[in-house]
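S.K.: Starting off with a structure, shown below.
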Amino acid sequence: MAESPISTHDPKNDSQGPVQPSPQQQKQMEQNYAQMKRKMAMQEIGRKIKHKIMVLSGKGGVGKSTVSTGLALSLAQQGHKVGILDIDITGPNIPKMMGLDNHRLHVEEGRIHPAKGHLGVKVISMAFLLDDADTPVVWRGPIKLGAIQQFIGDVEWGDLDYLIIDFPPGTSDEPLTVSQSLPNIDGMVIVTTPQAVALLDSRKSITFAESLKVPVIGVIENMSGYTLNGVTTANSPVEIAGPGGKTVKSTSDENGNFSVVLDIFKQGGGKSTAEDFGVPFLGALPFDPGFVRGGDDGVHKIVSDPEGASSIAFTKIVEAVQEQISDKAPSTLEII
Amino acid sequence: MAEIMPTLIRIERRQSDFHLTYDNQQEYTITYHDLRHACPCANCAPLRNEDETSLTLRSQVESYKEHKPSVNPVGNYALNFIWQNGCSNGIFRFERIWDLANRRDPDNGKQYVHGAW
Ligand SMILES: Nc1ncnc2c1ncn2[C@@H]1O[C@H](COP(=O)(O)OP(=O)(O)OP(=O)(O)O)[C@@H](O)[C@H]1O
Ligand SMILES: [Mg+2]
């Protein structure tokens, strides 16, 4: 570097002229400088992004990434400037859901520029670093966490209203690194499904959240019920054999249309978990095969069907989230 | 049912109780013992299901020396109280604190079911 910003001038040695640092010292100084710059960049990012929301779950595959993209798109639909940071190094799948498959990292003047997905949502994913989407990167310990810090510090997000951060499953080091690097995180959203194990793990996440000192914004129950629509004769009773030997009853309307909600898994678990822990329940998302198709062909259900039941469910959840993180904060609360 | 909860604007930590001021200009007290007995965490809450264990929880709570806790806001929906001993896990939603201020059972008489699934 011709114009190193680090001065090697030491007044004590003036008489002998400037002393050249050893290559090792030079390297160390450059590293320190880079780290300091990164730290300042993180502070700056903290200021330019109004709300930062972490999305976590104890168990894998419960729909964190589906929820992250859904929240982001739903917020974008409301006209907010939104970004998603996909922290999942081993299996990043946000780009696919956002129609950005095969996108490569865009670096300009040492800054990483996010890609723009559906509805203008800015996306940064570890997947952008991979040559082959099917080969997961196996990073270990410090390298992985260093990469995350770099990803947070070196991305040029610009001004954002919301940054949604999608994590790999479990209570590992990543959320800790993020919560320590990024100032003023609003809190975390915990995704669960109504199954026993997922619930047990979401309980762990809540305890984990407490240990991170990041507030829990609330619990979202995903894959809550499956809505079955059909047509039969007008104004007649309908009986459907649901899962677990349960009969679900309904009546068709004057046009013969009916719809019933089948509980694929036991329902209401997310709500009771939230209640047990005294954290807010943000709402339930229906089981919607459209999410799987959207994940495969890169068009999220919210984009392809903005009026559909799932989009409406997301809008309600977004409202609940906004209510929790709105600026009415207890800053007015005086504690003496 | 549609009671509107006023906003808590001031908490004064006294010798053995909180003195609370709400924006409806009403003032309330909650003793430290009452608050700690009503802890919503997954360890304490199930103990209130049965009278016997609830009394045990009560005497446990009363055995701690009364002292001012530190009070930390959780998001904008709850408070967390840190005590020198015993349980400090509970995240007390403002609704819960409001119930306690009004001498109402914050559990609404509802049993805590551990592992409700
Ligand atoms: N409400 C839903 N209805 C139907 N399918 C869903 C729903 N939510 C998620 N899925 C599907 O479940 C699978 C897992 O979802 P997703 O990738 O969002 O989970 P995840 O928690 O991010 O997983 P991982 O732990 O691997 O990161 C995907 O195929 C997704 O399309
Ligand atoms: Mg995921």
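FYI, nothing fancy with the structure tokens labels: chains A, B, ... in order, residues from 1 per chain, ligands from 1 as they appear.
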What residues in chain B lie within 12 Å of chain A, counting only C-alpha atoms, written as a PyMOL selection string?

M.R.: chain B and resi 7-14+18-23+38-46+68-81+88-97+106-107+110-117

S.K.: Name the residues, by chain letter and number, that sit within 8 Å of ligand 2 using only C-alpha atoms and all ligand atoms, and give them as a PyMOL selection string.

M.R.: chain A and resi 60-61+63-66+88+91-94+166-169

S.K.: Please save N, CA, C and O atoms of the selected residues as a PDB file, in the first residue's frame.

M.R.:
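To be explicit, this is the file written out as result.pdb:
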```pdb
ATOM      1  N   GLY A  60     -33.498 -27.336  13.878  1.00  0.00           N
ATOM      2  CA  GLY A  60     -33.364 -27.008  12.462  1.00  0.00           C
ATOM      3  C   GLY A  60     -34.637 -27.300  11.693  1.00  0.00           C
ATOM      4  O   GLY A  60     -35.492 -28.068  12.129  1.00  0.00           O
ATOM      5  N   GLY A  61     -34.763 -26.660  10.558  1.00  0.00           N
ATOM      6  CA  GLY A  61     -35.841 -26.971   9.632  1.00  0.00           C
ATOM      7  C   GLY A  61     -37.234 -26.557  10.069  1.00  0.00           C
ATOM      8  O   GLY A  61     -38.225 -27.011   9.513  1.00  0.00           O
ATOM      9  N   GLY A  63     -38.352 -23.529   9.859  1.00  0.00           N
ATOM     10  CA  GLY A  63     -38.830 -22.446   9.001  1.00  0.00           C
ATOM     11  C   GLY A  63     -38.256 -21.070   9.303  1.00  0.00           C
ATOM     12  O   GLY A  63     -38.871 -20.069   8.964  1.00  0.00           O
ATOM     13  N   LYS A  64     -37.066 -21.028   9.903  1.00  0.00           N
ATOM     14  CA  LYS A  64     -36.435 -19.728  10.174  1.00  0.00           C
ATOM     15  C   LYS A  64     -36.254 -18.925   8.902  1.00  0.00           C
ATOM     16  O   LYS A  64     -36.585 -17.751   8.847  1.00  0.00           O
ATOM     17  N   SER A  65     -35.687 -19.582   7.882  1.00  0.00           N
ATOM     18  CA  SER A  65     -35.382 -18.843   6.656  1.00  0.00           C
ATOM     19  C   SER A  65     -36.664 -18.426   5.952  1.00  0.00           C
ATOM     20  O   SER A  65     -36.744 -17.334   5.386  1.00  0.00           O
ATOM     21  N   THR A  66     -37.672 -19.283   6.016  1.00  0.00           N
ATOM     22  CA  THR A  66     -38.975 -18.937   5.440  1.00  0.00           C
ATOM     23  C   THR A  66     -39.557 -17.732   6.179  1.00  0.00           C
ATOM     24  O   THR A  66     -40.080 -16.804   5.565  1.00  0.00           O
ATOM     25  N   ASP A  88     -26.113 -18.180   7.942  1.00  0.00           N
ATOM     26  CA  ASP A  88     -25.933 -19.629   7.895  1.00  0.00           C
ATOM     27  C   ASP A  88     -24.804 -19.989   6.935  1.00  0.00           C
ATOM     28  O   ASP A  88     -24.952 -19.939   5.723  1.00  0.00           O
ATOM     29  N   GLY A  91     -25.308 -23.931   5.427  1.00  0.00           N
ATOM     30  CA  GLY A  91     -26.389 -24.216   4.477  1.00  0.00           C
ATOM     31  C   GLY A  91     -27.219 -22.995   4.158  1.00  0.00           C
ATOM     32  O   GLY A  91     -28.410 -22.934   4.431  1.00  0.00           O
ATOM     33  N   PRO A  92     -26.573 -21.972   3.568  1.00  0.00           N
ATOM     34  CA  PRO A  92     -27.321 -20.743   3.313  1.00  0.00           C
ATOM     35  C   PRO A  92     -28.369 -20.944   2.221  1.00  0.00           C
ATOM     36  O   PRO A  92     -28.035 -21.375   1.124  1.00  0.00           O
ATOM     37  N   ASN A  93     -29.630 -20.665   2.513  1.00  0.00           N
ATOM     38  CA  ASN A  93     -30.635 -20.874   1.476  1.00  0.00           C
ATOM     39  C   ASN A  93     -31.502 -19.652   1.206  1.00  0.00           C
ATOM     40  O   ASN A  93     -32.457 -19.709   0.451  1.00  0.00           O
ATOM     41  N   ILE A  94     -31.145 -18.530   1.820  1.00  0.00           N
ATOM     42  CA  ILE A  94     -31.903 -17.293   1.589  1.00  0.00           C
ATOM     43  C   ILE A  94     -31.840 -16.852   0.112  1.00  0.00           C
ATOM     44  O   ILE A  94     -32.869 -16.484  -0.453  1.00  0.00           O
ATOM     45  N   ASP A 166     -30.841 -13.969   9.690  1.00  0.00           N
ATOM     46  CA  ASP A 166     -31.242 -15.384   9.725  1.00  0.00           C
ATOM     47  C   ASP A 166     -30.061 -16.226  10.201  1.00  0.00           C
ATOM     48  O   ASP A 166     -28.955 -16.104   9.681  1.00  0.00           O
ATOM     49  N   PHE A 167     -30.312 -17.076  11.166  1.00  0.00           N
ATOM     50  CA  PHE A 167     -29.235 -17.861  11.767  1.00  0.00           C
ATOM     51  C   PHE A 167     -29.358 -19.343  11.439  1.00  0.00           C
ATOM     52  O   PHE A 167     -30.442 -19.834  11.128  1.00  0.00           O
ATOM     53  N   PRO A 168     -28.228 -20.066  11.576  1.00  0.00           N
ATOM     54  CA  PRO A 168     -28.333 -21.527  11.523  1.00  0.00           C
ATOM     55  C   PRO A 168     -29.031 -22.004  12.791  1.00  0.00           C
ATOM     56  O   PRO A 168     -29.128 -21.251  13.757  1.00  0.00           O
ATOM     57  N   PRO A 169     -29.553 -23.225  12.790  1.00  0.00           N
ATOM     58  CA  PRO A 169     -30.286 -23.692  13.964  1.00  0.00           C
ATOM     59  C   PRO A 169     -29.384 -23.859  15.185  1.00  0.00           C
ATOM     60  O   PRO A 169     -28.180 -24.017  15.058  1.00  0.00           O
TER      61      PRO A 169
END
```

S.K.: Kindly give the distance, in Å, that separates CA of Gly308 (chain A) and CA of Lys81 (chain A), rounded to a single decimal.

M.R.: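 Between CA of Gly308 (chain A) and CA of Lys81 (chain A) the gap is 22.8 Å.
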
S.K.: Let me see if you get this right: every residue at most 10 Å from ligand 1, counting only C-alpha atoms and all ligand atoms, written as a ChimeraX atom specification.

M.R.: /A:55-70,86-94,97,166-170,191-193,221-226,284-296,300-301,310

S.K.: May I have the selected residues written with C-alpha atoms, as a compact mmCIF listing (two decimals), in the first residue's frame?

M.R.:
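File produced: selection_23.txt:
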```txt
# COMPACT_ATOMS: atom_id res chain seq x y z
CA VAL A 55 -34.43 -14.93 13.79
CA LEU A 56 -33.57 -18.04 15.77
CA SER A 57 -34.82 -21.49 16.60
CA GLY A 58 -33.55 -24.31 18.74
CA LYS A 59 -34.25 -26.96 16.16
CA GLY A 60 -33.36 -27.01 12.46
CA GLY A 61 -35.84 -26.97 9.63
CA VAL A 62 -38.67 -25.27 11.52
CA GLY A 63 -38.83 -22.45 9.00
CA LYS A 64 -36.43 -19.73 10.17
CA SER A 65 -35.38 -18.84 6.66
CA THR A 66 -38.97 -18.94 5.44
CA VAL A 67 -39.94 -16.63 8.30
CA SER A 68 -36.93 -14.34 7.75
CA THR A 69 -37.70 -13.85 4.07
CA GLY A 70 -41.42 -13.56 4.83
CA ASP A 86 -27.96 -14.79 6.01
CA ILE A 87 -25.51 -15.96 8.66
CA ASP A 88 -25.93 -19.63 7.90
CA ILE A 89 -22.48 -20.57 6.66
CA THR A 90 -23.06 -24.27 6.29
CA GLY A 91 -26.39 -24.22 4.48
CA PRO A 92 -27.32 -20.74 3.31
CA ASN A 93 -30.63 -20.87 1.48
CA ILE A 94 -31.90 -17.29 1.59
CA MET A 97 -35.79 -18.01 -1.68
CA ASP A 166 -31.24 -15.38 9.73
CA PHE A 167 -29.24 -17.86 11.77
CA PRO A 168 -28.33 -21.53 11.52
CA PRO A 169 -30.29 -23.69 13.96
CA GLY A 170 -29.30 -24.15 17.57
CA VAL A 191 -39.56 -19.76 15.40
CA THR A 192 -41.09 -23.03 16.49
CA THR A 193 -43.42 -25.66 15.14
CA GLU A 221 -45.55 -20.82 15.54
CA ASN A 222 -44.90 -22.10 12.02
CA MET A 223 -46.68 -24.87 10.09
CA SER A 224 -49.58 -24.42 12.43
CA GLY A 225 -52.51 -25.81 10.48
CA TYR A 226 -53.30 -26.80 6.92
CA ALA A 284 -49.12 -18.56 13.77
CA LEU A 285 -48.28 -19.27 10.14
CA PRO A 286 -50.31 -21.89 8.33
CA PHE A 287 -48.81 -24.95 6.75
CA ASP A 288 -48.58 -23.88 3.12
CA PRO A 289 -47.01 -26.13 0.48
CA GLY A 290 -46.55 -22.94 -1.55
CA PHE A 291 -43.59 -22.10 0.69
CA VAL A 292 -41.79 -25.24 -0.40
CA ARG A 293 -42.47 -24.58 -4.08
CA GLY A 294 -41.43 -20.94 -3.60
CA GLY A 295 -38.21 -22.11 -2.00
CA ASP A 296 -37.55 -24.34 -4.97
CA HIS A 300 -41.60 -16.49 -2.39
CA LYS A 301 -45.28 -17.10 -1.62
CA SER A 310 -49.99 -16.87 4.21
```

S.K.: Run DSSP on the backbone and give me the residues of region 6-95 of chain B it puts in strand (DSSP E), as a VMD selection string.

M.R.: chain B and resid 8 to 13 17 to 22 27 to 31 70 to 74 78 to 82 91 to 93

S.K.: At a cut-off of 7 Å, using only C-alpha atoms, what residues contact region 227-239 of chain A? Leave out same-chain residues fewer than 2 positions from it and give the result as JSON, numbers by chain.

M.R.: {"A": [225, 241, 247, 248, 249, 250, 251, 252, 253, 254, 255, 256, 257, 258, 259, 260, 261, 262]}

S.K.: Given the selection you just returned, output its residues as a file containing N, CA and C atoms, formatted as an mmCIF file, in the first residue's frame.

M.R.:
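Output (part-v9.cif):
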```
data_model
loop_
_atom_site.group_PDB
_atom_site.id
_atom_site.type_symbol
_atom_site.label_atom_id
_atom_site.label_comp_id
_atom_site.auth_asym_id
_atom_site.auth_seq_id
_atom_site.Cartn_x
_atom_site.Cartn_y
_atom_site.Cartn_z
ATOM 1 N N GLY A 225 -51.340 -25.041 10.891
ATOM 2 C CA GLY A 225 -52.513 -25.814 10.483
ATOM 3 C C GLY A 225 -52.586 -25.776 8.979
ATOM 4 N N ALA A 241 -61.815 -36.445 7.725
ATOM 5 C CA ALA A 241 -61.029 -37.239 8.669
ATOM 6 C C ALA A 241 -59.651 -36.599 8.786
ATOM 7 N N THR A 247 -62.050 -35.912 13.723
ATOM 8 C CA THR A 247 -62.967 -35.520 12.656
ATOM 9 C C THR A 247 -63.168 -34.012 12.708
ATOM 10 N N VAL A 248 -62.941 -33.376 11.561
ATOM 11 C CA VAL A 248 -63.107 -31.932 11.510
ATOM 12 C C VAL A 248 -64.390 -31.624 10.745
ATOM 13 N N LYS A 249 -65.267 -30.835 11.363
ATOM 14 C CA LYS A 249 -66.568 -30.563 10.757
ATOM 15 C C LYS A 249 -66.662 -29.128 10.275
ATOM 16 N N SER A 250 -67.432 -28.968 9.207
ATOM 17 C CA SER A 250 -67.662 -27.629 8.681
ATOM 18 C C SER A 250 -68.973 -27.652 7.900
ATOM 19 N N THR A 251 -69.371 -26.503 7.401
ATOM 20 C CA THR A 251 -70.568 -26.450 6.554
ATOM 21 C C THR A 251 -70.233 -25.661 5.304
ATOM 22 N N SER A 252 -70.730 -26.117 4.169
ATOM 23 C CA SER A 252 -70.437 -25.391 2.935
ATOM 24 C C SER A 252 -71.350 -24.171 2.842
ATOM 25 N N ASP A 253 -70.914 -23.172 2.087
ATOM 26 C CA ASP A 253 -71.732 -21.965 1.941
ATOM 27 C C ASP A 253 -72.735 -22.144 0.802
ATOM 28 N N GLU A 254 -73.409 -21.052 0.445
ATOM 29 C CA GLU A 254 -74.476 -21.178 -0.566
ATOM 30 C C GLU A 254 -73.943 -21.593 -1.940
ATOM 31 N N ASN A 255 -72.625 -21.384 -2.156
ATOM 32 C CA ASN A 255 -72.038 -21.819 -3.426
ATOM 33 C C ASN A 255 -71.421 -23.204 -3.317
ATOM 34 N N GLY A 256 -71.495 -23.788 -2.149
ATOM 35 C CA GLY A 256 -70.944 -25.120 -1.964
ATOM 36 C C GLY A 256 -69.477 -25.120 -1.551
ATOM 37 N N ASN A 257 -68.883 -23.927 -1.360
ATOM 38 C CA ASN A 257 -67.463 -23.866 -0.966
ATOM 39 C C ASN A 257 -67.313 -24.109 0.532
ATOM 40 N N PHE A 258 -66.296 -24.858 0.877
ATOM 41 C CA PHE A 258 -65.995 -25.009 2.303
ATOM 42 C C PHE A 258 -64.493 -24.976 2.514
ATOM 43 N N SER A 259 -64.118 -24.673 3.732
ATOM 44 C CA SER A 259 -62.698 -24.747 4.070
ATOM 45 C C SER A 259 -62.547 -25.148 5.527
ATOM 46 N N VAL A 260 -61.645 -26.072 5.770
ATOM 47 C CA VAL A 260 -61.384 -26.510 7.145
ATOM 48 C C VAL A 260 -59.892 -26.425 7.406
ATOM 49 N N VAL A 261 -59.550 -26.241 8.668
ATOM 50 C CA VAL A 261 -58.137 -26.187 9.031
ATOM 51 C C VAL A 261 -57.768 -27.485 9.734
ATOM 52 N N LEU A 262 -56.816 -28.184 9.159
ATOM 53 C CA LEU A 262 -56.368 -29.430 9.777
ATOM 54 C C LEU A 262 -55.083 -29.169 10.550
#
```

S.K.: Between A:His80, A:Ile240, A:Leu71, A:Val155, which is the closest to Ala115 (chain A) once you count only C-alpha atoms?

M.R.: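 Looking at the shortest contact to Ala115 (chain A), the residue is A:Val155.
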